[in-house]
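Participant: My structure file final-v6.csv, CSV, C-alpha atoms and all ligand atoms, is below:
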```csv
chain,number,residue,atom,x,y,z
A,274,MET,CA,81.2,17.5,183.9
A,275,ILE,CA,80.7,21.2,183.1
A,276,MET,CA,83.6,23.0,181.5
A,277,LYS,CA,84.1,26.8,181.2
A,278,LEU,CA,85.4,27.3,177.6
A,279,ASP,CA,86.3,30.5,175.8
A,280,VAL,CA,84.8,31.6,172.4
A,281,ALA,CA,87.9,31.5,170.3
A,282,GLU,CA,86.3,32.2,167.0
A,283,ARG,CA,82.9,33.3,165.6
A,284,VAL,CA,82.4,33.2,161.8
A,285,ASP,CA,79.4,34.0,159.7
A,286,ASP,CA,78.7,30.9,157.6
A,287,ALA,CA,75.4,30.4,155.7
A,288,THR,CA,72.3,32.7,156.0
A,289,ASP,CA,71.4,32.9,159.7
A,290,VAL,CA,74.2,30.4,160.6
A,291,ILE,CA,77.3,31.2,162.6
A,292,LEU,CA,80.2,28.9,163.4
A,293,VAL,CA,81.4,29.2,167.0
A,294,SER,CA,84.7,27.6,168.1
A,295,LEU,CA,85.3,26.9,171.8
A,296,ARG,CA,88.7,26.3,173.4
A,297,HIS,CA,89.8,25.6,176.9
A,298,PRO,CA,91.5,28.7,178.4
A,299,ARG,CA,94.5,26.7,179.6
A,300,ARG,CA,94.5,23.1,178.3
A,301,PRO,CA,95.5,22.5,174.7
A,302,ALA,CA,93.4,19.3,174.3
A,303,LEU,CA,89.7,19.0,175.1
A,304,PRO,CA,88.0,15.7,176.2
A,305,ALA,CA,87.9,13.4,173.2
A,306,TRP,CA,84.6,13.0,171.3
A,307,LYS,CA,83.2,10.7,168.7
A,308,ALA,CA,81.5,11.7,165.5
A,309,GLY,CA,77.8,12.4,166.1
A,310,ALA,CA,78.3,13.8,169.6
A,311,HIS,CA,76.7,17.0,170.9
A,312,ILE,CA,77.4,19.3,173.8
A,313,ASP,CA,75.0,21.1,176.1
A,314,VAL,CA,75.6,24.9,176.1
A,315,HIS,CA,74.4,26.6,179.3
A,316,LEU,CA,73.1,30.1,178.6
A,317,PRO,CA,73.4,32.8,181.2
A,318,ASP,CA,69.7,32.8,182.0
A,319,GLY,CA,69.8,29.1,182.9
A,320,ARG,CA,68.5,27.7,179.6
A,321,ILE,CA,70.4,24.8,178.1
A,322,ARG,CA,70.7,24.1,174.4
A,323,GLN,CA,72.2,21.1,172.6
A,324,TYR,CA,74.5,21.6,169.6
A,325,SER,CA,76.2,18.9,167.6
A,326,LEU,CA,80.0,19.1,167.2
A,327,CYS,CA,80.5,19.7,163.6
A,328,GLY,CA,84.3,19.6,163.0
A,329,ASP,CA,86.7,16.8,162.5
A,330,PRO,CA,86.7,14.6,165.6
A,331,ALA,CA,90.5,14.2,165.4
A,332,ASP,CA,90.8,17.9,166.2
A,333,ARG,CA,90.9,18.1,170.0
A,334,THR,CA,92.0,21.7,170.2
A,335,ARG,CA,88.5,23.0,169.9
A,336,TYR,CA,84.8,22.2,169.9
A,337,ARG,CA,83.0,23.8,166.9
A,338,ILE,CA,79.3,24.3,166.8
A,339,ALA,CA,77.0,25.8,164.1
A,340,VAL,CA,74.2,27.9,165.5
A,341,LYS,CA,71.2,28.7,163.2
A,342,ARG,CA,69.1,31.6,164.3
A,343,GLU,CA,65.7,29.9,164.8
A,344,MET,CA,62.9,32.5,164.3
A,345,ALA,CA,60.3,30.2,165.8
A,346,GLY,CA,62.7,28.8,168.5
A,347,ARG,CA,62.8,29.3,172.2
A,348,GLY,CA,65.2,32.2,172.1
A,349,GLY,CA,68.5,30.4,172.8
A,350,SER,CA,69.9,30.7,169.2
A,351,ALA,CA,68.8,34.4,169.1
A,352,TRP,CA,70.8,35.1,172.3
A,353,ILE,CA,73.9,33.4,170.9
A,354,HIS,CA,73.6,35.3,167.6
A,355,GLU,CA,73.1,38.7,169.2
A,356,THR,CA,75.3,38.4,172.2
A,357,LEU,CA,78.1,35.8,172.1
A,358,ALA,CA,81.4,37.3,171.1
A,359,VAL,CA,85.0,36.2,170.8
A,360,GLY,CA,86.6,36.1,174.3
A,361,ASP,CA,83.3,35.4,176.1
A,362,ALA,CA,83.2,32.4,178.5
A,363,VAL,CA,80.7,29.7,177.9
A,364,HIS,CA,79.7,26.8,180.2
A,365,CYS,CA,79.4,23.5,178.3
A,366,SER,CA,78.9,19.9,179.1
A,367,ALA,CA,81.4,17.2,178.0
A,368,PRO,CA,80.3,15.7,174.7
A,369,ARG,CA,77.6,13.1,174.7
A,370,ASN,CA,76.8,10.8,171.8
A,371,ASN,CA,73.4,9.4,170.8
A,372,PHE,CA,74.2,9.3,167.1
A,373,ALA,CA,77.3,7.3,166.4
A,374,LEU,CA,78.4,5.7,163.1
A,375,ALA,CA,77.2,2.1,163.1
A,376,PRO,CA,80.3,0.0,163.8
A,377,GLN,CA,79.3,-2.9,161.7
A,378,ALA,CA,78.3,-0.8,158.6
A,379,GLY,CA,80.5,-0.5,155.5
A,380,ARG,CA,78.3,1.9,153.5
A,381,HIS,CA,76.7,5.0,154.9
A,382,LEU,CA,74.0,7.2,153.4
A,383,PHE,CA,73.8,10.6,155.1
A,384,ILE,CA,70.8,12.9,154.3
A,385,ALA,CA,70.7,16.3,155.9
A,386,GLY,CA,68.3,19.2,155.8
A,387,GLY,CA,69.9,22.6,156.4
A,388,ILE,CA,71.5,22.9,159.8
A,389,GLY,CA,70.9,19.1,160.3
A,390,VAL,CA,74.2,18.6,158.4
A,391,THR,CA,76.2,19.4,161.5
A,392,PRO,CA,76.3,15.9,163.1
A,393,LEU,CA,76.4,14.3,159.7
A,394,ALA,CA,79.5,16.2,158.7
A,395,ALA,CA,81.3,14.7,161.7
A,396,LEU,CA,80.0,11.3,160.8
A,397,ALA,CA,81.2,11.8,157.2
A,398,TYR,CA,84.7,12.6,158.5
A,399,GLU,CA,84.7,9.4,160.4
A,400,ALA,CA,83.5,7.4,157.5
A,401,LEU,CA,86.2,8.9,155.3
A,402,GLN,CA,88.8,8.0,157.9
A,403,ARG,CA,87.5,4.4,158.2
A,404,GLY,CA,87.7,4.1,154.4
A,405,ASP,CA,84.0,3.3,154.2
A,406,ALA,CA,81.8,4.0,151.2
A,407,PHE,CA,79.4,6.9,151.8
A,408,GLU,CA,77.3,9.6,150.3
A,409,LEU,CA,76.4,12.9,151.9
A,410,HIS,CA,73.2,14.5,150.6
A,411,LEU,CA,72.4,18.1,151.7
A,412,ARG,CA,69.1,19.7,151.1
A,413,ALA,CA,68.9,23.5,151.4
A,414,ARG,CA,67.0,26.4,149.9
A,415,SER,CA,70.0,27.7,148.0
A,416,ARG,CA,73.8,27.6,148.2
A,417,ARG,CA,73.7,30.6,150.6
A,418,HIS,CA,71.5,28.6,152.9
A,419,ALA,CA,73.7,25.5,153.0
A,420,PRO,CA,75.7,25.4,156.2
A,421,LEU,CA,79.4,24.4,156.1
A,422,LEU,CA,79.2,24.3,152.3
A,423,ALA,CA,82.8,25.4,151.4
A,424,GLU,CA,84.3,22.9,153.9
A,425,LEU,CA,82.0,20.1,152.8
A,426,GLU,CA,82.9,20.6,149.1
A,427,ARG,CA,86.6,20.6,150.0
A,428,ALA,CA,86.5,17.6,152.5
A,429,PHE,CA,84.0,15.4,150.7
A,430,ALA,CA,84.5,15.9,147.0
A,431,GLY,CA,83.0,13.0,145.2
A,432,HIS,CA,80.8,12.1,148.1
A,433,LEU,CA,78.7,15.3,148.5
A,434,HIS,CA,75.4,15.8,146.7
A,435,LEU,CA,73.6,19.1,146.9
A,436,HIS,CA,69.9,19.3,146.5
A,437,LEU,CA,68.9,23.0,146.3
A,438,ASP,CA,65.3,24.1,146.2
A,439,ASP,CA,66.3,26.6,143.4
A,440,GLU,CA,67.8,23.8,141.3
A,441,ALA,CA,65.2,21.0,141.1
A,442,PRO,CA,66.3,18.7,143.9
A,443,ALA,CA,66.2,14.9,143.6
A,444,SER,CA,63.4,13.1,145.4
A,445,LEU,CA,64.1,11.3,148.6
A,446,ASP,CA,62.9,8.0,147.0
A,447,ASP,CA,65.5,8.6,144.2
A,448,ILE,CA,68.3,9.3,146.6
A,449,LEU,CA,67.5,6.1,148.6
A,450,ALA,CA,67.1,4.0,145.4
A,451,TRP,CA,70.3,5.2,143.8
A,452,PHE,CA,72.3,4.3,147.0
A,453,GLY,CA,70.5,1.0,147.3
A,454,VAL,CA,69.9,-1.2,150.4
A,455,THR,CA,72.7,-3.7,150.9
A,456,ALA,CA,73.5,-5.8,153.9
A,457,ASP,CA,76.1,-3.4,155.2
A,458,ALA,CA,74.2,-0.1,154.4
A,459,HIS,CA,73.0,2.3,157.1
A,460,LEU,CA,71.0,5.5,156.7
A,461,TYR,CA,71.5,8.6,158.9
A,462,PHE,CA,69.3,11.6,158.7
A,463,CYS,CA,68.9,14.9,160.4
A,464,GLY,CA,66.8,17.9,159.5
A,465,PRO,CA,63.5,19.7,160.2
A,466,ALA,CA,60.7,17.4,161.6
A,467,GLY,CA,58.8,17.3,158.3
A,468,LEU,CA,61.9,16.2,156.3
A,469,ASN,CA,62.8,13.6,158.9
A,470,ALA,CA,59.3,12.1,158.7
A,471,ALA,CA,59.5,12.1,154.9
A,472,ILE,CA,62.9,10.4,154.9
A,473,ALA,CA,61.6,7.8,157.4
A,474,ALA,CA,58.6,7.1,155.3
A,475,ALA,CA,60.7,6.8,152.1
A,476,ALA,CA,63.1,4.5,153.8
A,477,GLU,CA,60.2,2.3,155.0
A,478,ARG,CA,58.8,2.2,151.4
A,479,GLN,CA,62.2,1.0,150.2
A,480,SER,CA,62.6,-1.7,152.8
A,481,TRP,CA,65.3,-0.1,155.0
A,482,ALA,CA,65.0,-2.0,158.3
A,483,ALA,CA,64.3,0.3,161.2
A,484,GLU,CA,67.5,-0.7,163.0
A,485,ARG,CA,69.6,0.5,160.1
A,486,CYS,CA,68.0,4.0,160.1
A,487,HIS,CA,69.4,6.5,162.6
A,488,THR,CA,68.3,10.1,163.3
A,489,GLU,CA,68.8,12.8,165.8
A,490,VAL,CA,66.5,15.6,166.8
A,491,PHE,CA,67.0,18.5,169.2
A,492,GLN,CA,63.4,19.7,169.3
A,493,PRO,CA,60.9,17.7,171.3
A,494,THR,CA,58.3,15.8,169.4
A,495,LEU,CA,56.0,15.2,172.3
A,496,ASP,CA,52.3,14.4,171.5
A,497,GLU,CA,50.3,17.3,173.0
A,498,ASN,CA,47.2,15.1,173.2
A,499,PHE,CA,48.9,12.6,175.5
A,500,LYS,CA,47.1,12.1,178.8
A,501,PRO,CA,49.5,11.1,181.5
A,502,GLU,CA,48.4,8.5,184.1
A,503,PRO,CA,49.9,7.8,187.5
A,504,PHE,CA,52.2,4.8,187.8
A,505,ASP,CA,54.6,3.2,190.2
A,506,ILE,CA,58.4,3.0,190.1
A,507,THR,CA,60.1,0.1,191.9
A,508,ILE,CA,63.8,0.6,192.6
A,509,ALA,CA,65.6,-2.7,191.7
A,510,SER,CA,68.4,-2.5,194.3
A,511,THR,CA,66.1,-1.8,197.3
A,512,GLY,CA,62.6,-2.8,196.4
A,513,GLN,CA,61.4,0.7,197.3
A,514,THR,CA,58.2,1.7,195.5
A,515,LEU,CA,57.5,5.3,194.5
A,516,ARG,CA,54.3,6.7,193.1
A,517,VAL,CA,54.5,9.1,190.1
A,518,PRO,CA,51.4,11.2,189.9
A,519,ALA,CA,49.9,12.2,186.6
A,520,ASP,CA,51.2,15.8,186.8
A,521,ARG,CA,54.9,14.9,187.8
A,522,SER,CA,57.7,13.2,185.9
A,523,ALA,CA,59.5,10.1,187.1
A,524,LEU,CA,62.6,12.3,187.2
A,525,ASP,CA,61.0,14.7,189.6
A,526,ILE,CA,59.8,11.9,191.9
A,527,LEU,CA,63.2,10.2,191.9
A,528,ARG,CA,64.9,13.5,192.8
A,529,ALA,CA,62.3,14.3,195.5
A,530,ASN,CA,63.2,11.0,197.1
A,531,GLY,CA,66.9,11.6,197.2
A,532,PHE,CA,68.2,10.0,194.0
A,533,VAL,CA,70.9,12.1,192.3
A,534,MET,CA,69.8,12.0,188.6
A,535,PRO,CA,71.6,13.7,185.8
A,536,SER,CA,69.6,15.7,183.4
A,537,SER,CA,69.9,18.5,180.8
A,538,CYS,CA,67.0,19.2,178.4
A,539,GLU,CA,64.2,17.5,180.4
A,540,LEU,CA,62.4,17.3,177.0
A,541,GLY,CA,63.5,13.8,175.9
A,542,VAL,CA,66.0,14.9,173.4
A,543,CYS,CA,69.5,15.0,175.0
A,544,GLY,CA,69.9,11.5,176.6
A,545,ALA,CA,71.4,12.9,179.8
A,546,CYS,CA,68.9,11.2,182.1
A,547,ILE,CA,68.8,7.7,180.4
A,548,CYS,CA,68.6,4.8,182.9
A,549,GLY,CA,68.0,1.1,182.6
A,550,TYR,CA,64.7,-0.6,183.4
A,551,ARG,CA,63.1,-4.1,183.5
A,552,ASP,CA,59.7,-5.5,184.2
A,553,GLY,CA,57.2,-3.0,182.9
A,554,THR,CA,55.4,-1.5,179.9
A,555,VAL,CA,57.2,1.7,179.2
A,556,ILE,CA,55.5,4.6,177.3
A,557,HIS,CA,58.6,6.0,175.6
A,558,ARG,CA,58.1,9.7,174.8
A,559,ASP,CA,61.7,10.7,174.0
A,560,SER,CA,63.3,11.4,170.7
A,561,VAL,CA,66.7,10.0,171.5
A,562,LEU,CA,66.6,6.3,172.2
A,563,SER,CA,66.7,3.8,169.3
A,564,LEU,CA,64.2,1.0,169.1
A,565,ALA,CA,66.9,-1.5,170.3
A,566,ASP,CA,67.8,0.8,173.3
A,567,ARG,CA,64.1,1.1,174.2
A,568,GLN,CA,64.0,-2.6,175.2
A,569,ASP,CA,65.9,-1.9,178.4
A,570,LYS,CA,66.4,1.9,178.7
A,571,LEU,CA,64.1,4.9,179.3
A,572,THR,CA,64.3,8.6,179.8
A,573,PRO,CA,62.6,9.4,183.1
A,574,CYS,CA,62.3,13.2,182.2
A,575,VAL,CA,59.4,12.5,179.8
A,576,SER,CA,58.7,8.7,179.6
A,577,ARG,CA,56.2,7.0,181.7
A,578,ALA,CA,54.8,3.4,182.3
A,579,ARG,CA,51.6,1.6,182.3
A,580,VAL,CA,50.9,0.6,185.9
A,581,GLY,CA,54.5,0.3,186.9
A,582,VAL,CA,58.2,-0.2,186.0
A,583,THR,CA,61.3,-1.4,187.8
A,584,LEU,CA,64.3,0.9,187.4
A,585,GLU,CA,67.9,-0.3,187.5
A,586,LEU,CA,68.8,2.0,190.3
B,601,LIG,S1,67.2,15.2,180.4
B,601,LIG,FE1,67.4,15.2,178.3
B,601,LIG,S2,66.5,13.3,177.7
B,601,LIG,FE2,66.1,13.4,179.8
```
Can the structure from this file be put into structure tokens for me?

Facilitator:
Amino acid sequence: MIMKLDVAERVDDATDVILVSLRHPRRPALPAWKAGAHIDVHLPDGRIRQYSLCGDPADRTRYRIAVKREMAGRGGSAWIHETLAVGDAVHCSAPRNNFALAPQAGRHLFIAGGIGVTPLAALAYEALQRGDAFELHLRARSRRHAPLLAELERAFAGHLHLHLDDEAPASLDDILAWFGVTADAHLYFCGPAGLNAAIAAAAERQSWAAERCHTEVFQPTLDENFKPEPFDITIASTGQTLRVPADRSALDILRANGFVMPSSCELGVCGACICGYRDGTVIHRDSVLSLADRQDKLTPCVSRARVGVTLEL
């Protein structure tokens, strides 16, 4: 579902970060969303960018996103910063969630780097509302570079821990050790690729099981040295077999054969194209599916298979 929403508010937040609130032009309530969800924002030139919803999920009057101007990005954030104004219409998808609070967890450790705090802020609102124990750690260069800072300090007093480069931040190992691994503890992290990798490594050192560690990325982390090979897709409902050449994606081939397949990023980061599979050795190349989900789901926009795979279509 694509909605045409109006820019109701645009506010300068941290350095190079603006907050954009989107409302429906006629309806007072937008489709409900759960903490950790993101929307696809369709830019006028056809590009699509994913932004986490960063407000309180209970507020259905608006979707609020934080947009950081990415100097090394693909141009989407620069267009939003330079062009988008209050009153403009923006086409957006309904919220999609690949980063929800673990339902069985009772303690949550959130570690954010810079703009990565946006989905974690929404998760912290939900943890607060559930009455769960949680800590929210935010790393940034300085207070001026910390997104949503005034709101976080107001909403999460006693839970928020700032780690600023100009004030000797705590190490990741210390943050994890102070919180401690318990049977009901889950770790959520979101930030630049280097920080995400460092958190994952620190968590592994401190025996956090992979299924209790959750992350979200909006930049593809595809291996440029990967050499694609052709493989076959079998359609479970009909037995039809389709050949995927080395230079085409499974998504392309499915569409070329009449399958209506949703997609958005086509980079393995948004989750729009996820479908089920069985019988096959899948080469997962996305950044969105958890280890558990990878047992029976794949992203045909980037993932492939050795020899063949049967899709639940
Ligand atoms: S279209 Fe975004 S993960 Fe496939």

Participant: Taking (63.0, -1.3, 193.2) in the coordinates of the supplied file, I want to know which residues reach to within 9 Å of it, counting only C-alpha atoms; could you give the answer as a list in words?

Facilitator: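 Output of the proximity query reads Ile506, Thr507, Ile508, Ala509, Ser510, Thr511, Gly512, Gln513, Thr514, Leu515, Val582, Thr583, Leu584, Glu585 and Leu586 of chain A.
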
Participant: Could you tell me which of A:Ile526, A:Ala545, A:Val280, A:Ala385 comes closest to Pro503 of chain A if we count all atoms listed in the file?

Facilitator: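 Of the candidates, the smallest distance to Pro503 of chain A is held by A:Ile526.
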
Participant: Using only C-alpha atoms, which of the listed residues (A:Ala302, A:Ala523, A:Cys548, A:Ala471) sits closest to Asp446 of chain A?

Facilitator: A:Ala471

Participant: Return as a ChimeraX atom specification the residues of protein, DNA or RNA that approach ligand LIG 601 (chain B) to within 12 Å, with all atoms listed in the file taken into account.

Facilitator: /A:312-313,321-323,369,371,490-495,522-525,534-548,557-562,570-577

Participant: Separation of atom CA of Ala529 of chain A and atom CA of Arg567 of chain A, in Å?

Facilitator: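 Separation of atom CA of Ala529 of chain A and atom CA of Arg567 of chain A: 25.1 Å.
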
Participant: Go through A:Asp289, A:Asp496, A:Glu399, A:Val533 one by one, measure the shortest atom-to-atom distance of each to Glu343 of chain A using only C-alpha atoms, and give the residue with the smallest value.

Facilitator: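 Smallest distance to Glu343 of chain A is found for A:Asp289.
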
Participant: At a cut-off of 12 Å, using only C-alpha atoms, what residues contact Gln402 of chain A? Leave out same-chain residues fewer than 2 positions from it and give the result as a list in words.

Facilitator: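 Residues meeting the cut-off are Ala308, Asp329, Pro330, Ala331, Leu374, Ala395, Leu396, Ala397, Tyr398, Glu399, Ala400, Gly404, Asp405, Ala406, Phe407, Ala428 and Phe429 of chain A.
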
Participant: May I ask which of the residues A:Arg342, A:Gly349, A:Leu303, A:Val517 is the closest one to Asp318 of chain A, counting only C-alpha atoms?

Facilitator: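 For Asp318 of chain A, the nearest of the candidates is A:Gly349.
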
Participant: Enter the distance from atom CA of Arg528 of chain A to atom CA of Leu316 of chain A, in Å, rounded to one decimal.

Facilitator: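 Distance between the two atoms: 23.3 Å.
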
Participant: Counting only C-alpha atoms, what is within 8 Å of Arg579 of chain A, bar same-chain residues fewer than 2 positions away, as a VMD selection string?

Facilitator: chain A and resid 502 504 553 to 556 577 581 to 582

Participant: Show which residues sit within 7 Å of Leu460 of chain A, as JSON, numbers by chain. Count all atoms listed in the file, and ignore same-chain residues fewer than 5 positions away.

Facilitator: {"A": [381, 382, 383, 485, 486, 487]}

Participant: Measuring between only C-alpha atoms, which one of A:Val314, A:Ile472, A:Met276, A:Ala458 shows the shortest distance to Pro376 of chain A?

Facilitator: A:Ala458
